[in-house]
$ cat data.csv   # CSV, C-alpha atoms and all ligand atoms
chain,number,residue,atom,x,y,z
A,22,MET,CA,101.1,77.2,122.3
A,23,ARG,CA,100.0,80.3,120.2
A,24,THR,CA,96.9,79.9,118.1
A,25,PHE,CA,95.2,82.0,115.4
A,26,PRO,CA,91.9,83.6,116.5
A,27,ALA,CA,88.6,82.5,114.9
A,28,ALA,CA,85.5,84.4,113.8
A,29,PHE,CA,82.1,83.9,112.1
A,30,GLY,CA,82.0,80.2,113.3
A,31,LEU,CA,85.0,79.4,111.1
A,32,THR,CA,87.9,77.5,112.5
A,33,SER,CA,91.1,79.3,113.4
A,34,GLY,CA,92.8,77.4,110.5
A,35,GLN,CA,90.2,78.8,108.0
A,36,LEU,CA,90.6,82.3,109.4
A,37,GLU,CA,94.4,82.1,109.2
A,38,GLN,CA,94.1,81.0,105.5
A,39,ALA,CA,91.7,84.0,104.8
A,40,ILE,CA,94.1,86.5,106.4
A,41,ARG,CA,97.1,84.9,104.6
A,42,LEU,CA,95.2,85.3,101.2
A,43,ALA,CA,94.3,88.9,102.2
A,44,GLY,CA,98.0,89.6,102.7
A,45,MET,CA,98.8,88.5,99.2
A,46,ALA,CA,97.4,91.8,97.9
A,47,PRO,CA,99.8,94.1,96.1
A,48,SER,CA,101.3,97.0,98.0
A,49,LEU,CA,103.7,99.8,97.3
A,50,HIS,CA,107.3,98.4,97.6
A,51,ASN,CA,105.6,95.3,99.1
A,52,SER,CA,105.3,97.2,102.4
A,53,GLN,CA,102.1,95.2,103.3
A,54,PRO,CA,100.7,98.2,105.3
A,55,TRP,CA,97.7,96.3,106.7
A,56,ARG,CA,96.7,94.8,110.1
A,57,PHE,CA,93.6,92.8,111.0
A,58,ARG,CA,91.9,92.6,114.4
A,59,ILE,CA,89.7,89.5,114.7
A,60,LEU,CA,86.8,89.3,117.1
A,61,PRO,CA,84.3,86.4,117.1
A,62,HIS,CA,81.7,88.5,115.1
A,63,LEU,CA,83.9,91.0,113.3
A,64,ILE,CA,87.1,91.5,111.4
A,65,GLU,CA,88.6,95.0,111.4
A,66,LEU,CA,91.1,96.1,108.8
A,67,HIS,CA,93.6,98.7,110.0
A,68,ALA,CA,96.4,100.6,108.4
A,69,ASP,CA,99.8,99.8,109.9
A,70,PRO,CA,101.4,103.2,110.5
A,71,GLY,CA,104.8,101.6,111.0
A,72,ARG,CA,104.7,100.6,107.3
A,73,ARG,CA,103.9,104.1,105.9
A,74,LEU,CA,106.1,105.3,103.0
A,75,PRO,CA,106.0,109.1,103.6
A,76,ALA,CA,108.4,110.1,100.8
A,77,ALA,CA,106.5,108.3,98.0
A,78,ASP,CA,103.0,108.4,99.6
A,79,PRO,CA,102.8,111.3,102.0
A,80,GLU,CA,99.0,111.3,102.1
A,81,ASP,CA,98.7,107.5,102.6
A,82,ARG,CA,96.6,107.2,99.4
A,83,GLU,CA,98.6,104.2,98.1
A,84,LEU,CA,98.5,102.7,101.6
A,85,ARG,CA,94.7,102.8,101.4
A,86,LEU,CA,94.8,101.3,97.8
A,87,ALA,CA,96.8,98.4,99.1
A,88,CYS,CA,94.5,97.9,102.1
A,89,GLY,CA,91.5,98.1,99.7
A,90,ALA,CA,93.1,95.3,97.6
A,91,ALA,CA,93.7,93.2,100.8
A,92,LEU,CA,90.1,93.8,101.7
A,93,PHE,CA,89.0,92.5,98.3
A,94,ASN,CA,91.0,89.3,98.8
A,95,LEU,CA,89.5,88.9,102.3
A,96,ARG,CA,86.0,89.3,100.8
A,97,LEU,CA,86.8,86.5,98.2
A,98,ALA,CA,88.3,84.3,100.9
A,99,LEU,CA,85.3,84.6,103.2
A,100,GLU,CA,82.9,83.9,100.4
A,101,HIS,CA,84.9,80.8,99.6
A,102,ALA,CA,84.5,79.8,103.2
A,103,ASP,CA,80.8,80.2,102.8
A,104,ILE,CA,80.5,83.5,104.7
A,105,ARG,CA,78.9,86.5,102.9
A,106,PRO,CA,81.0,89.5,103.9
A,107,VAL,CA,79.2,92.7,104.8
A,108,VAL,CA,81.7,95.5,104.6
A,109,SER,CA,81.6,99.0,106.2
A,110,LEU,CA,84.3,101.4,105.0
A,111,LEU,CA,85.9,103.9,107.5
A,112,PRO,CA,83.9,102.7,110.5
A,113,HIS,CA,83.9,104.8,113.6
A,114,LEU,CA,85.9,102.5,115.8
A,115,GLY,CA,87.8,105.0,117.9
A,116,ALA,CA,91.1,104.1,116.3
A,117,SER,CA,92.3,106.5,113.6
A,118,THR,CA,93.9,103.5,111.8
A,119,ALA,CA,90.5,101.8,111.2
A,120,LEU,CA,89.8,101.4,107.5
A,121,ALA,CA,87.0,98.8,107.3
A,122,GLU,CA,85.1,96.3,109.3
A,123,VAL,CA,83.7,93.1,108.0
A,124,ARG,CA,80.7,91.3,109.5
A,125,SER,CA,79.0,88.1,108.4
A,126,GLY,CA,75.8,88.5,106.3
A,127,GLY,CA,74.9,84.8,106.5
A,128,ARG,CA,75.8,82.1,104.0
A,129,ALA,CA,77.6,83.1,100.8
A,130,HIS,CA,76.6,82.0,97.3
A,131,PRO,CA,79.8,82.9,95.3
A,132,ARG,CA,79.3,83.4,91.6
A,133,PRO,CA,81.5,81.2,89.4
A,134,GLU,CA,83.5,84.2,88.2
A,135,ASP,CA,84.3,85.1,91.8
A,136,THR,CA,85.5,81.6,92.4
A,137,GLN,CA,87.9,82.1,89.5
A,138,LEU,CA,89.1,85.3,91.1
A,139,TYR,CA,89.6,83.5,94.4
A,140,GLU,CA,91.7,80.9,92.6
A,141,ALA,CA,93.7,83.6,90.9
A,142,ILE,CA,94.8,85.2,94.3
A,143,THR,CA,97.9,83.1,94.6
A,144,GLU,CA,98.7,83.3,90.8
A,145,ARG,CA,98.7,87.1,90.6
A,146,HIS,CA,102.1,88.7,90.6
A,147,SER,CA,103.7,91.9,89.5
A,148,HIS,CA,105.3,91.2,86.1
A,149,ARG,CA,108.2,93.6,85.6
A,150,ASN,CA,109.6,91.8,82.5
A,151,PRO,CA,108.9,92.7,78.9
A,152,PHE,CA,105.6,91.4,77.5
A,153,ARG,CA,105.0,89.5,74.3
A,154,ASP,CA,103.7,91.5,71.4
A,155,THR,CA,100.3,89.8,71.5
A,156,PRO,CA,97.5,92.4,71.9
A,157,VAL,CA,95.0,92.1,74.7
A,158,SER,CA,91.7,91.0,73.1
A,159,ILE,CA,88.7,93.3,73.1
A,160,GLU,CA,86.7,90.8,75.1
A,161,ASN,CA,89.4,90.9,77.9
A,162,ARG,CA,89.5,94.7,77.7
A,163,HIS,CA,85.8,94.8,78.3
A,164,LEU,CA,86.1,92.4,81.2
A,165,LEU,CA,88.7,94.7,82.8
A,166,VAL,CA,86.6,97.8,82.4
A,167,ASN,CA,83.6,95.9,84.0
A,168,ALA,CA,85.7,94.7,86.9
A,169,ALA,CA,86.7,98.2,87.8
A,170,HIS,CA,83.1,99.4,87.4
A,171,GLU,CA,81.7,96.6,89.6
A,172,GLU,CA,83.8,98.1,92.5
A,173,HIS,CA,82.6,101.7,91.8
A,174,ALA,CA,85.7,102.8,90.0
A,175,LEU,CA,86.5,103.6,86.3
A,176,LEU,CA,89.1,102.1,84.0
A,177,ARG,CA,90.3,104.4,81.3
A,178,GLU,CA,92.3,102.9,78.4
A,179,VAL,CA,95.1,105.2,77.3
A,180,GLN,CA,94.4,106.1,73.6
A,181,ALA,CA,97.0,106.2,70.9
A,182,GLY,CA,96.9,110.0,70.7
A,183,GLU,CA,97.5,110.3,74.5
A,184,ARG,CA,100.5,108.0,74.7
A,185,GLY,CA,103.2,110.5,73.8
A,186,ALA,CA,101.9,113.0,76.4
A,187,LEU,CA,101.7,110.3,79.1
A,188,GLU,CA,105.2,109.0,78.2
A,189,GLY,CA,106.6,112.4,78.8
A,190,LEU,CA,104.7,112.7,82.2
A,191,VAL,CA,106.0,109.4,83.4
A,192,HIS,CA,109.6,110.3,82.6
A,193,ARG,CA,109.2,113.7,84.3
A,194,ALA,CA,107.7,112.1,87.4
A,195,ASN,CA,110.5,109.5,87.5
A,196,ARG,CA,113.2,112.2,87.2
A,197,ALA,CA,111.5,114.3,90.0
A,198,GLN,CA,111.4,111.3,92.3
A,199,MET,CA,114.9,110.2,91.6
A,200,ALA,CA,116.2,113.7,92.2
A,201,ASN,CA,114.7,113.6,95.7
A,202,ALA,CA,117.2,112.1,98.3
A,203,ARG,CA,114.4,111.2,100.7
A,204,PHE,CA,112.6,109.2,98.0
A,205,ARG,CA,115.8,107.4,97.0
A,206,GLU,CA,116.6,106.5,100.6
A,207,GLU,CA,113.1,105.2,101.2
A,208,LEU,CA,113.1,103.1,98.0
A,209,ALA,CA,116.6,101.7,98.7
A,210,ALA,CA,115.3,100.5,102.1
A,211,TRP,CA,112.7,98.3,100.5
A,212,VAL,CA,114.4,96.9,97.4
A,213,GLY,CA,117.3,94.7,96.5
A,214,ARG,CA,116.4,92.3,99.3
A,215,ALA,CA,117.5,88.6,99.5
A,216,ASP,CA,115.0,86.0,98.4
A,217,ASP,CA,114.3,85.0,102.0
A,218,THR,CA,112.9,88.4,102.9
A,219,THR,CA,109.3,88.6,104.1
A,220,GLU,CA,108.7,92.2,102.9
A,221,GLY,CA,110.1,94.6,100.3
A,222,VAL,CA,111.1,93.5,96.8
A,223,PRO,CA,113.8,90.9,96.3
A,224,ALA,CA,116.5,91.7,93.8
A,225,SER,CA,115.6,88.6,91.8
A,226,LEU,CA,112.1,90.0,91.0
A,227,ALA,CA,113.2,93.5,90.1
A,228,GLY,CA,112.9,93.0,86.4
A,229,PRO,CA,115.4,94.5,83.9
A,230,LYS,CA,117.2,97.6,85.0
A,231,PRO,CA,115.5,100.6,83.5
A,232,GLU,CA,117.5,102.5,80.8
A,233,PRO,CA,117.2,106.1,79.6
A,234,GLN,CA,116.0,105.0,76.2
A,235,ASP,CA,113.0,103.0,77.6
A,236,GLN,CA,109.7,104.4,76.3
A,237,TRP,CA,107.9,103.5,79.5
A,238,VAL,CA,110.2,104.2,82.4
A,239,HIS,CA,109.9,101.5,85.1
A,240,ARG,CA,110.7,102.1,88.7
A,241,ASP,CA,114.2,100.9,89.4
A,242,PHE,CA,114.0,98.0,91.9
A,243,THR,CA,117.4,96.6,91.0
A,244,ALA,CA,119.2,98.5,93.8
A,245,GLY,CA,122.5,98.5,92.0
A,246,PRO,CA,124.5,99.6,89.0
A,247,THR,CA,124.0,96.3,87.1
A,248,SER,CA,123.3,96.9,83.4
A,249,ARG,CA,120.7,94.8,81.7
A,250,SER,CA,121.4,92.0,79.3
A,251,PRO,CA,121.4,92.9,75.7
A,252,GLY,CA,118.1,92.2,73.9
A,253,THR,CA,116.0,92.7,77.0
A,254,GLU,CA,113.8,95.4,75.4
A,255,PHE,CA,110.3,96.3,76.6
A,256,GLU,CA,107.4,96.0,74.3
A,257,SER,CA,106.6,99.4,72.7
A,258,HIS,CA,102.8,99.2,72.7
A,259,PRO,CA,101.5,97.7,76.0
A,260,LEU,CA,97.9,98.1,76.9
A,261,LEU,CA,98.0,101.0,79.4
A,262,VAL,CA,95.1,101.7,81.6
A,263,VAL,CA,94.4,104.3,84.3
A,264,LEU,CA,92.2,103.2,87.2
A,265,CYS,CA,90.3,106.3,88.3
A,266,SER,CA,87.9,107.3,91.1
A,267,GLN,CA,85.0,109.7,90.6
A,268,HIS,CA,85.9,111.5,93.9
A,269,ASP,CA,89.1,112.3,95.8
A,270,SER,CA,88.5,110.9,99.2
A,271,ARG,CA,89.7,108.2,101.6
A,272,GLU,CA,86.7,106.1,100.9
A,273,ALA,CA,87.3,106.5,97.1
A,274,ASP,CA,90.9,105.2,97.7
A,275,LEU,CA,89.6,102.1,99.5
A,276,ARG,CA,87.1,101.4,96.7
A,277,ALA,CA,89.8,102.0,94.1
A,278,GLY,CA,92.0,99.4,95.9
A,279,GLN,CA,89.2,96.9,95.8
A,280,ALA,CA,88.8,97.7,92.1
A,281,LEU,CA,92.5,97.4,91.5
A,282,GLN,CA,92.4,93.9,92.9
A,283,ARG,CA,89.3,92.8,91.1
A,284,LEU,CA,90.7,93.9,87.8
A,285,TRP,CA,94.2,92.5,88.4
A,286,LEU,CA,92.7,89.1,89.4
A,287,THR,CA,90.4,89.2,86.4
A,288,ALA,CA,93.4,89.8,84.2
A,289,THR,CA,95.2,86.9,86.0
A,290,ALA,CA,92.3,84.6,85.6
A,291,ARG,CA,92.3,85.4,81.8
A,292,GLY,CA,96.0,84.5,81.5
A,293,LEU,CA,97.1,88.2,81.4
A,294,VAL,CA,100.0,89.7,83.4
A,295,ALA,CA,100.3,93.3,84.7
A,296,SER,CA,102.6,95.7,86.5
A,297,MET,CA,102.1,99.2,87.8
A,298,LEU,CA,103.9,102.4,86.9
A,299,SER,CA,103.0,104.7,89.8
A,300,GLN,CA,105.5,107.6,89.5
A,301,VAL,CA,103.2,109.8,87.4
A,302,ILE,CA,100.4,109.5,90.0
A,303,GLU,CA,102.6,109.9,93.0
A,304,VAL,CA,104.1,113.3,91.9
A,305,PRO,CA,101.3,115.8,92.4
A,306,GLU,CA,102.1,118.0,89.3
A,307,THR,CA,102.2,115.1,86.8
A,308,CYS,CA,99.1,113.6,88.4
A,309,GLU,CA,97.2,116.8,87.8
A,310,GLU,CA,98.4,116.9,84.2
A,311,LEU,CA,97.3,113.2,83.8
A,312,ARG,CA,93.9,114.1,85.3
A,313,ARG,CA,93.5,116.9,82.7
A,314,LEU,CA,94.7,114.6,79.9
A,315,LEU,CA,91.9,112.2,80.9
A,316,GLY,CA,89.3,115.0,80.6
A,317,GLY,CA,89.6,116.6,84.0
A,318,SER,CA,86.7,115.0,85.8
A,319,VAL,CA,88.2,111.9,87.4
A,320,THR,CA,90.9,111.2,90.0
A,321,PRO,CA,93.7,109.0,88.7
A,322,GLN,CA,94.6,106.2,91.2
A,323,ALA,CA,96.8,103.7,89.4
A,324,LEU,CA,98.5,103.3,86.0
A,325,LEU,CA,98.9,99.7,84.9
A,326,ARG,CA,100.5,98.0,82.0
A,327,ILE,CA,98.7,94.8,81.0
A,328,GLY,CA,99.6,92.2,78.5
A,329,HIS,CA,100.8,88.7,77.8
A,330,GLY,CA,104.0,87.3,79.3
A,331,ALA,CA,105.7,84.3,81.0
A,332,PRO,CA,104.5,83.9,84.6
A,333,SER,CA,106.6,85.7,87.3
A,334,ALA,CA,107.5,84.3,90.7
A,335,ALA,CA,105.7,85.3,93.9
A,336,THR,CA,107.1,88.2,96.0
A,337,PRO,CA,107.4,86.9,99.6
A,338,ARG,CA,104.9,87.9,102.4
A,339,ARG,CA,104.9,87.9,106.2
A,340,ASP,CA,103.1,85.2,108.1
A,341,ALA,CA,99.4,85.7,108.7
A,342,GLY,CA,100.1,85.9,112.5
A,343,ASP,CA,102.3,89.0,111.9
A,344,MET,CA,99.4,90.8,110.3
A,345,LEU,CA,97.2,90.7,113.4
A,346,VAL,CA,96.8,93.7,115.6
A,347,ASN,CA,97.7,91.7,118.7
A,348,GLY,CA,99.5,88.8,117.0
A,349,ALA,CA,98.3,85.3,117.5
A,350,ILE,CA,96.9,84.7,121.0
A,351,GLU,CA,97.9,82.3,123.6
A,352,ALA,CA,95.6,79.3,123.4
A,353,SER,CA,93.9,78.5,126.7
A,354,GLU,CA,94.8,75.3,128.4
A,355,PRO,CA,92.9,72.3,127.0
B,401,LIG,C1,99.7,101.5,95.2
B,401,LIG,C2,100.7,100.6,94.5
B,401,LIG,C3,101.7,101.2,93.7
B,401,LIG,C4,102.7,100.4,93.1
B,401,LIG,N1,103.6,100.9,92.3
B,401,LIG,C5,104.5,100.2,91.6
B,401,LIG,C6,105.4,100.7,90.7
B,401,LIG,O1,105.4,101.9,90.4
B,401,LIG,N2,106.2,99.9,90.0
B,401,LIG,C7,106.2,98.5,90.2
B,401,LIG,O2,107.0,97.8,89.6
B,401,LIG,N3,105.3,98.0,91.1
B,401,LIG,C8,104.5,98.7,91.8
B,401,LIG,N4,103.6,98.2,92.7
B,401,LIG,C9,103.6,96.7,92.8
B,401,LIG,C10,104.3,96.3,94.1
B,401,LIG,O3,105.7,96.5,94.0
B,401,LIG,C11,104.0,94.8,94.3
B,401,LIG,O4,102.6,94.7,94.5
B,401,LIG,C12,104.7,94.2,95.5
B,401,LIG,O5,106.1,94.2,95.3
B,401,LIG,C13,104.2,92.8,95.8
B,401,LIG,O6,104.4,92.0,94.7
B,401,LIG,P1,103.3,91.3,93.9
B,401,LIG,O7,102.4,92.3,93.3
B,401,LIG,O8,104.0,90.4,92.9
B,401,LIG,O9,102.5,90.4,94.9
B,401,LIG,C14,102.6,99.0,93.3
B,401,LIG,C15,101.6,98.4,94.1
B,401,LIG,C16,100.7,99.2,94.7
B,401,LIG,C17,99.5,98.6,95.5

$ encode --input "data.csv" --output "structure tokens"
Amino acid sequence: MRTFPAAFGLTSGQLEQAIRLAGMAPSLHNSQPWRFRILPHLIELHADPGRRLPAADPEDRELRLACGAALFNLRLALEHADIRPVVSLLPHLGASTALAEVRSGGRAHPRPEDTQLYEAITERHSHRNPFRDTPVSIENRHLLVNAAHEEHALLREVQAGERGALEGLVHRANRAQMANARFREELAAWVGRADDTTEGVPASLAGPKPEPQDQWVHRDFTAGPTSRSPGTEFESHPLLVVLCSQHDSREADLRAGQALQRLWLTATARGLVASMLSQVIEVPETCEELRRLLGGSVTPQALLRIGHGAPSAATPRRDAGDMLVNGAIEASEP
């Protein structure tokens, strides 16, 4: 019989649940580019090079964002299991894929707000459908800014006077990507999947097919020529926020990933929904223009649209055992 490894004095069932929750983090095209190595006193987080997306993400920046988000979920799950996680980013483990290691710092005392974030892990989904026109309250906007700040990142709300310029940049970036055959092939390999897939984006969760007149051009996950039903129009004034780092480094990417997850879970816990519009950041020229639009001193990491909407369904994930470096291990004979 194969069994899940254990660590920190937790049972293998508790560890499996923690890894399963870590794997519910968002990732580009739902590629789930993380792997975990579990030792009795240590959990290592590794990038999974077999899940790189070189056309969209040649420098692995978004891979590190996704792994940072998975790390944040793991932190919450360990705290929930009464273990205080002590994290080192980019440890010198000898493996170039190593992104973080987590040790136990004794018993945890999770704050009530972190318990709410833990409970939001399974409720957070990308919401690619139109939002309702209800604005996001000032109180919630403050909470989102604080969430990013708590993880050493910055959240910059796009101001009314910046929207026109940003809209143009997003369209330009999308056109540049869709004109690139390598990008289109890579995207096509991950989208339009059947509902029983364990990775990539199922066609049923693609959201409405983007159309040229859309103000905020969404990435086309529909993988087909289907036109969208009449009346499915996107809201014209979503809350748009840019998650930024102060530096441009691998460590900053991992921190931004943790901030992305803290802010997205905070939004979920407050009844908000969100989706990402990453084209503008993936294309270097438009990313540089976005950086200048924001004042020139920050590194843009993610553009999110946040608002109110009906809940979306969950995108499938691999089993926790598939996310381990060595898979589940053979149990010793009883
Ligand atoms: C770095 C990064 C970039 C992403 N970019 C986009 C995007 O441009 N458009 C989009 O609809 N979703 C985007 N996503 C969301 C993923 O498609 C989504 O997380 C994945 O399909 C899993 O679904 P879930 O978020 O509902 O769990 C991005 C996610 C990450 C982490």

$ residues_near_ligand --input "data.csv" --ligand "ligand LIG 401 (chain B)" --cutoff "7 Å" --atoms "only C-alpha atoms and all ligand atoms" --output "list in words"
Met45, Ala46, Pro47, Ser48, Leu49, His50, Asn51, Glu83, Leu84, Leu86, Ala87, Arg145, His146, Ser147, His148, Arg149, Gly221, Val222, His239, Arg240, Ser296, Met297, Leu298, Ser299, Gln300, Ala323, Ala335 and Thr336 of chain A

$ residues_near_point --input "data.csv" --point "(82.1, 99.7, 110.5)" --cutoff "12 Å" --atoms "all atoms listed in the file" --output "list of chain:residue names"
A:Leu63, A:Ile64, A:Glu65, A:Leu66, A:His67, A:Val107, A:Val108, A:Ser109, A:Leu110, A:Leu111, A:Pro112, A:His113, A:Leu114, A:Gly115, A:Ala116, A:Ala119, A:Leu120, A:Ala121, A:Glu122, A:Val123, A:Arg124

$ residues_around --input "data.csv" --residues "segment 173-175 of chain A" --least-positions-apart "2" --cutoff "6 Å" --atoms "only C-alpha atoms" --output "list in words"
Ala169, His170, Glu171, Leu264, Cys265, Ser266 and Ala277 of chain A

$ residues_around --input "data.csv" --residues "Glu183 of chain A" --least-positions-apart "5" --cutoff "9 Å" --atoms "all atoms listed in the file" --output "number ranges by chain"
A: 188, 314-315

$ write_last_selection --input "data.csv" --atoms "C-alpha atoms" --output "compact mmCIF listing (two decimals), in the coordinates of the input"
# COMPACT_ATOMS: atom_id res chain seq x y z
CA GLU A 188 105.20 109.00 78.20
CA LEU A 314 94.70 114.60 79.90
CA LEU A 315 91.90 112.20 80.90

$ closest_atom_pairs --input "data.csv" --of "segment 256-307 of chain A" --to "segment 94-100 of chain A" --cutoff "9 Å" --atoms "only C-alpha atoms" --output "Markdown table"
| residue | atom | partner | partner_atom | distance |
| --- | --- | --- | --- | --- |
| A:Gln279 | CA | A:Asn94 | CA | 8.4 |
| A:Gln282 | CA | A:Asn94 | CA | 7.6 |
| A:Arg283 | CA | A:Asn94 | CA | 8.6 |

$ closest_residue --input "data.csv" --among "A:Ser318, A:Ala77, A:Cys308, A:Arg82" --to "Ser270 of chain A" --atoms "all atoms listed in the file"
A:Arg82

$ atom_distance --input "data.csv" --atom1 "atom CA of Gln180 of chain A" --atom2 "atom CA of Pro151 of chain A"
20.4 Å

$ closest_residue --input "data.csv" --among "A:Ser125, A:Asn347, A:Thr219, A:Ser257" --to "Gly185 of chain A" --atoms "only C-alpha atoms"
A:Ser257

$ atom_distance --input "data.csv" --atom1 "atom CA of Gly189 of chain A" --atom2 "atom CA of Asp235 of chain A"
11.4 Å

$ atom_distance --input "data.csv" --atom1 "atom CA of Arg105 of chain A" --atom2 "atom CA of His163 of chain A"
26.9 Å

$ residues_near_point --input "data.csv" --point "(100.8, 98.1, 81.0)" --cutoff "10 Å" --atoms "all atoms listed in the file" --output "list in words"
His148, Arg149, Pro151, Phe152, Val179, Trp237, Glu256, His258, Pro259, Leu260, Leu261, Val262, Val263, Val294, Ala295, Ser296, Met297, Leu298, Leu324, Leu325, Arg326, Ile327, Gly328 and His329 of chain A

$ closest_residue --input "data.csv" --among "A:Leu286, A:Leu138, A:Ala76, A:Leu293" --to "Ala209 of chain A" --atoms "all atoms listed in the file"
A:Ala76

$ closest_residue --input "data.csv" --among "A:Ala181, A:Met344, A:Pro305, A:Leu42" --to "Ala194 of chain A" --atoms "only C-alpha atoms"
A:Pro305

$ closest_residue --input "data.csv" --among "A:Thr136, A:Asn167, A:Asn150, A:Gln267" --to "Pro231 of chain A" --atoms "all atoms listed in the file"
A:Asn150

$ decode --input "data.csv" --residues "segment 173-185 of chain A" --atoms "C-alpha atoms" --output "PDB file, in the first residue's frame"
ATOM      1  CA  HIS A 173       5.822  42.731   1.637  1.00  0.00           C
ATOM      2  CA  ALA A 174       4.135  43.712  -1.614  1.00  0.00           C
ATOM      3  CA  LEU A 175       2.180  46.756  -2.766  1.00  0.00           C
ATOM      4  CA  LEU A 176      -1.315  46.969  -4.162  1.00  0.00           C
ATOM      5  CA  ARG A 177      -1.944  49.870  -6.469  1.00  0.00           C
ATOM      6  CA  GLU A 178      -5.530  50.677  -7.463  1.00  0.00           C
ATOM      7  CA  VAL A 179      -5.837  51.806 -11.088  1.00  0.00           C
ATOM      8  CA  GLN A 180      -7.176  55.364 -11.020  1.00  0.00           C
ATOM      9  CA  ALA A 181      -9.883  56.701 -13.345  1.00  0.00           C
ATOM     10  CA  GLY A 182      -7.331  58.788 -15.251  1.00  0.00           C
ATOM     11  CA  GLU A 183      -5.123  55.729 -15.866  1.00  0.00           C
ATOM     12  CA  ARG A 184      -7.806  53.388 -17.156  1.00  0.00           C
ATOM     13  CA  GLY A 185      -7.720  54.495 -20.795  1.00  0.00           C
TER      14      GLY A 185
END
